[in-house]
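Novice: Compact mmCIF, C-alpha atoms, saved as data.txt, coming up:
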# COMPACT_ATOMS: atom_id res chain seq x y z
CA MET A 1 -23.65 -15.64 -9.19
CA THR A 2 -20.21 -14.88 -10.63
CA GLU A 3 -17.13 -14.13 -8.54
CA ARG A 4 -17.31 -10.50 -9.74
CA GLU A 5 -20.90 -10.19 -8.53
CA THR A 6 -20.05 -11.84 -5.23
CA THR A 7 -17.06 -9.62 -4.49
CA ARG A 8 -19.09 -6.46 -4.78
CA PHE A 9 -20.37 -7.36 -1.31
CA VAL A 10 -16.90 -7.69 0.21
CA ALA A 11 -16.40 -5.43 3.21
CA TRP A 12 -13.78 -3.21 1.60
CA SER A 13 -12.81 -1.76 4.97
CA GLN A 14 -11.73 -5.20 6.25
CA GLU A 15 -9.80 -5.89 3.07
CA LEU A 16 -8.02 -2.53 3.20
CA ARG A 17 -6.95 -3.20 6.79
CA ARG A 18 -5.69 -6.66 5.79
CA VAL A 19 -3.62 -5.28 2.89
CA HIS A 20 -2.17 -2.51 5.05
CA ARG A 21 -1.20 -5.11 7.67
CA ARG A 22 0.56 -7.25 5.03
CA LEU A 23 2.40 -4.26 3.61
CA ARG A 24 3.52 -3.23 7.11
CA GLU A 25 4.79 -6.77 7.72
CA ALA A 26 6.68 -6.82 4.40
CA LEU A 27 8.39 -3.54 5.24
CA SER A 28 9.26 -4.84 8.70
CA VAL A 29 10.82 -7.99 7.21
CA THR A 30 12.82 -5.87 4.79
CA ARG A 31 14.16 -3.66 7.58
CA ALA A 32 14.95 -6.68 9.76
CA SER A 33 16.89 -8.27 6.90
CA LEU A 34 19.00 -5.15 6.57
CA ALA A 35 19.55 -4.95 10.33
CA GLU A 36 20.84 -8.54 10.41
CA GLY A 37 23.84 -7.28 8.48
CA THR A 38 24.53 -10.27 6.25
CA PRO A 39 27.87 -9.32 4.69
CA GLY A 40 28.61 -8.51 1.09
CA GLU A 41 26.71 -9.42 -2.04
CA ALA A 42 24.37 -11.85 -0.27
CA ALA A 43 22.86 -9.04 1.80
CA THR A 44 22.41 -6.85 -1.26
CA ARG A 45 20.74 -9.67 -3.22
CA GLU A 46 18.44 -10.49 -0.31
CA LEU A 47 17.49 -6.86 0.22
CA LEU A 48 16.94 -6.41 -3.51
CA LEU A 49 14.48 -9.33 -3.50
CA TYR A 50 12.61 -8.04 -0.46
CA CYS A 51 12.52 -4.49 -1.78
CA HIS A 52 11.45 -5.54 -5.24
CA GLY A 53 8.54 -7.53 -3.84
CA PHE A 54 7.53 -4.87 -1.34
CA CYS A 55 7.88 -1.98 -3.81
CA ALA A 56 5.89 -3.80 -6.49
CA ALA A 57 3.13 -4.75 -4.04
CA LEU A 58 2.83 -1.25 -2.59
CA ASP A 59 2.83 0.34 -6.05
CA ALA A 60 0.15 -2.08 -7.30
CA HIS A 61 -1.93 -1.37 -4.18
CA HIS A 62 -1.80 2.38 -4.77
CA GLN A 63 -2.52 2.03 -8.49
CA GLY A 64 -5.61 -0.06 -7.71
CA GLU A 65 -6.83 2.53 -5.25
CA ASP A 66 -6.23 5.41 -7.67
CA ARG A 67 -7.77 3.60 -10.66
CA THR A 68 -10.74 1.82 -9.07
CA LEU A 69 -11.39 2.48 -5.38
CA PHE A 70 -11.01 6.25 -5.18
CA PRO A 71 -13.25 7.01 -8.19
CA ALA A 72 -15.96 4.79 -6.66
CA VAL A 73 -15.64 6.55 -3.30
CA ALA A 74 -15.70 9.98 -4.99
CA ALA A 75 -18.85 9.06 -6.91
CA ALA A 76 -20.64 7.85 -3.78
CA HIS A 77 -19.22 10.49 -1.42
CA PRO A 78 -18.23 13.68 -3.29
CA GLU A 79 -17.46 15.38 0.04
CA LEU A 80 -14.41 13.11 0.33
CA ARG A 81 -12.74 14.36 -2.86
CA PRO A 82 -10.23 16.54 -0.93
CA VAL A 83 -9.26 13.51 1.19
CA LEU A 84 -8.83 11.39 -1.94
CA ARG A 85 -6.66 14.06 -3.59
CA SER A 86 -4.46 14.12 -0.49
CA LEU A 87 -4.14 10.32 -0.55
CA GLU A 88 -3.27 10.39 -4.25
CA GLN A 89 -0.55 12.96 -3.52
CA ASP A 90 0.79 10.59 -0.86
CA HIS A 91 0.86 7.82 -3.46
CA SER A 92 3.00 9.99 -5.72
CA MET A 93 5.39 10.87 -2.89
CA ILE A 94 5.67 7.22 -1.81
CA ALA A 95 6.39 6.19 -5.42
CA GLN A 96 9.28 8.67 -5.51
CA LEU A 97 10.63 7.31 -2.22
CA LEU A 98 10.39 3.75 -3.53
CA GLY A 99 12.27 4.83 -6.65
CA GLY A 100 15.03 6.27 -4.46
CA LEU A 101 15.23 3.03 -2.50
CA ALA A 102 15.38 0.93 -5.66
CA ALA A 103 18.18 3.11 -7.02
CA ALA A 104 20.11 2.82 -3.73
CA VAL A 105 19.71 -0.96 -3.68
CA GLY A 106 20.70 -1.16 -7.35
CA ARG A 107 24.00 0.60 -6.69
CA ALA A 108 24.66 -1.40 -3.51
CA ALA A 109 24.49 1.61 -1.20
CA PRO A 110 25.82 1.12 2.34
CA PRO A 111 23.40 -0.36 4.91
CA GLU A 112 23.07 2.96 6.74
CA GLU A 113 21.83 4.68 3.58
CA LEU A 114 19.44 1.85 2.78
CA ASP A 115 18.04 2.01 6.29
CA ARG A 116 17.46 5.76 5.92
CA HIS A 117 15.45 5.08 2.77
CA LEU A 118 13.46 2.35 4.52
CA GLU A 119 12.89 4.53 7.59
CA GLY A 120 11.51 7.34 5.42
CA ILE A 121 9.25 4.98 3.53
CA ALA A 122 8.05 3.41 6.78
CA ALA A 123 7.22 6.79 8.32
CA ILE A 124 5.34 8.17 5.30
CA THR A 125 3.57 4.88 4.61
CA GLU A 126 2.41 4.44 8.20
CA ASN A 127 1.10 8.01 8.30
CA HIS A 128 -0.65 7.44 4.97
CA PHE A 129 -2.21 4.15 6.06
CA ARG A 130 -3.51 5.63 9.31
CA TYR A 131 -4.99 8.67 7.59
CA GLU A 132 -6.60 6.51 4.91
CA GLU A 133 -8.07 4.19 7.52
CA ARG A 134 -9.41 7.09 9.63
CA GLN A 135 -10.98 8.80 6.65
CA LEU A 136 -12.29 5.89 4.59
CA LEU A 137 -13.02 2.78 6.67
CA THR A 138 -16.57 3.75 7.60
CA VAL A 139 -17.36 4.64 3.99
CA LEU A 140 -15.81 1.41 2.73
CA GLU A 141 -18.07 -0.68 4.94
CA THR A 142 -21.03 0.32 2.77
CA LEU A 143 -19.32 0.66 -0.61
CA GLU A 144 -20.71 -1.55 -3.36
CA LEU A 145 -17.96 -1.92 -5.92
CA ALA A 146 -18.21 -4.31 -8.86
CA ALA A 147 -14.55 -5.34 -8.94
CA THR A 148 -12.35 -8.04 -7.51
CA PRO A 149 -10.38 -7.25 -4.37
CA GLU A 150 -7.11 -7.81 -6.26
CA GLU A 151 -8.12 -5.20 -8.86
CA VAL A 152 -8.86 -2.71 -6.12
CA LEU A 153 -6.22 -3.48 -3.49
CA GLY A 154 -3.38 -5.12 -5.39
CA PRO A 155 -1.67 -8.50 -5.12
CA MET A 156 -1.28 -8.34 -1.32
CA TRP A 157 -5.00 -9.00 -1.00
CA SER A 158 -4.94 -12.71 -1.67
Show me, as structure tokens, the structure contained in the file I just sent.
Specialist:
Amino acid sequence: MTERETTRFVAWSQELRRVHRRLREALSVTRASLAEGTPGEAATRELLLYCHGFCAALDAHHQGEDRTLFPAVAAAHPELRPVLRSLEQDHSMIAQLLGGLAAAVGRAAPPEELDRHLEGIAAITENHFRYEERQLLTVLETLELAATPEEVLGPMWS
């Protein structure tokens, strides 16, 4: 049996929870780094690295859901299409917030401004994760999806 065939039996609900936990932790580390207040260029470089990694991971996670997971859920559970549309709208909003954060980091915005960006991202992301988990976890426990977890959930899976 190939890895692709094996992973179709992965409990997608457990994997989604795991990815959400890792993304929450990455955001927490990013905010803690900013709160430590390392002065000058070192703080900006450090925050840029954290943000780049976090932003890329979150974006890849959402792209995998939009491209692979949500179409599979919609095919198996058409009644969830309104939920999936709402989650996709969240993905778009979060992408815009991440773009604002990246721009602020790129121009070395003051720590207070960076924290406002991170706070907004944290609030929207947490709300999104909770809604997604409430609406989809039960469905994901029975979903048979012929894809690797990384394709579906992004690089934070492994």
Novice: Which residue out of A:Asp66, A:Ala123, A:Glu113, A:Tyr131 has the minimum interatomic distance to Arg24 in chain A when all atoms listed in the file are used?
Specialist: A:Ala123
Novice: If we count all atoms listed in the file and set the cut-off at 10 Å, which residues sit around Leu118 in chain A, ignoring sequence neighbours fewer than 6 positions away in its own chain? Please answer as a list in words.
Specialist: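 Neighbouring residues, sequence-local ones excluded: Leu27, Ser28, Thr30, Arg31, Leu34, Cys51, Leu97, Leu98, Gly100, Leu101 and Glu112 of chain A.
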Novice: Nearest residue to Glu144 in chain A out of A:Phe54, A:His20, A:Val73, A:Phe129, using all atoms listed in the file?
Specialist: A:Val73
Novice: Could you name the residues that touch Glu79 in chain A at 12 Å or less, counting all atoms listed in the file, but leaving out those on the same chain fewer than 4 positions away, as a list in words?
Specialist: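 Non-adjacent residues within range: Val73, Ala74, Ala75, Val83, Leu84, Arg85, Gln135, Leu136 and Val139 of chain A.
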Novice: I'd like the neighbourhood of Ser86 in chain A as a VMD selection string, where a residue qualifies if any of its atoms comes within 12 Å (using only C-alpha atoms), though same-chain residues fewer than 3 positions away should be ignored.
Specialist: chain A and resid 66 70 80 to 83 89 to 93 128 131 to 132 135
Novice: What does the distance between CA of Glu141 in chain A and CA of Gln14 in chain A come to in Å, to one decimal place?
Specialist: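 If I compute the distance from CA of Glu141 in chain A to CA of Gln14 in chain A, I get 7.9 Å.
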Novice: Set the distance at 12 Å and use all atoms listed in the file: which residues neighbour Ala95 in chain A once local chain neighbours fewer than 5 positions away are removed? I'd like the list as an MDAnalysis selection string.
Specialist: chainID A and resid 54:63 88:90 100:102 121 124:125
Novice: Have a look at A:Ala72, A:Leu23, A:His77, A:His52 and name the one nearest to Ala103 in chain A; count only C-alpha atoms.
Specialist: A:His52
Novice: Calculate how many Å separate CA of Arg17 in chain A from CA of Glu133 in chain A, rounding to one decimal.
Specialist: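 For CA of Arg17 in chain A relative to CA of Glu133 in chain A, the distance reads 7.5 Å.
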Novice: Would you compute the distance between CA of Leu16 in chain A and CA of Arg116 in chain A? Give it in Å to one decimal.
Specialist: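 Taking CA of Leu16 in chain A and CA of Arg116 in chain A, their separation equals 26.9 Å.
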Novice: Of the candidates A:Leu143, A:Val19, A:Ala76, A:Ala104, which shows the shortest atom-to-atom distance to Gly64 in chain A, using only C-alpha atoms?
Specialist: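 Looking only at the distances to Gly64 in chain A, the closest residue turns out to be A:Val19.
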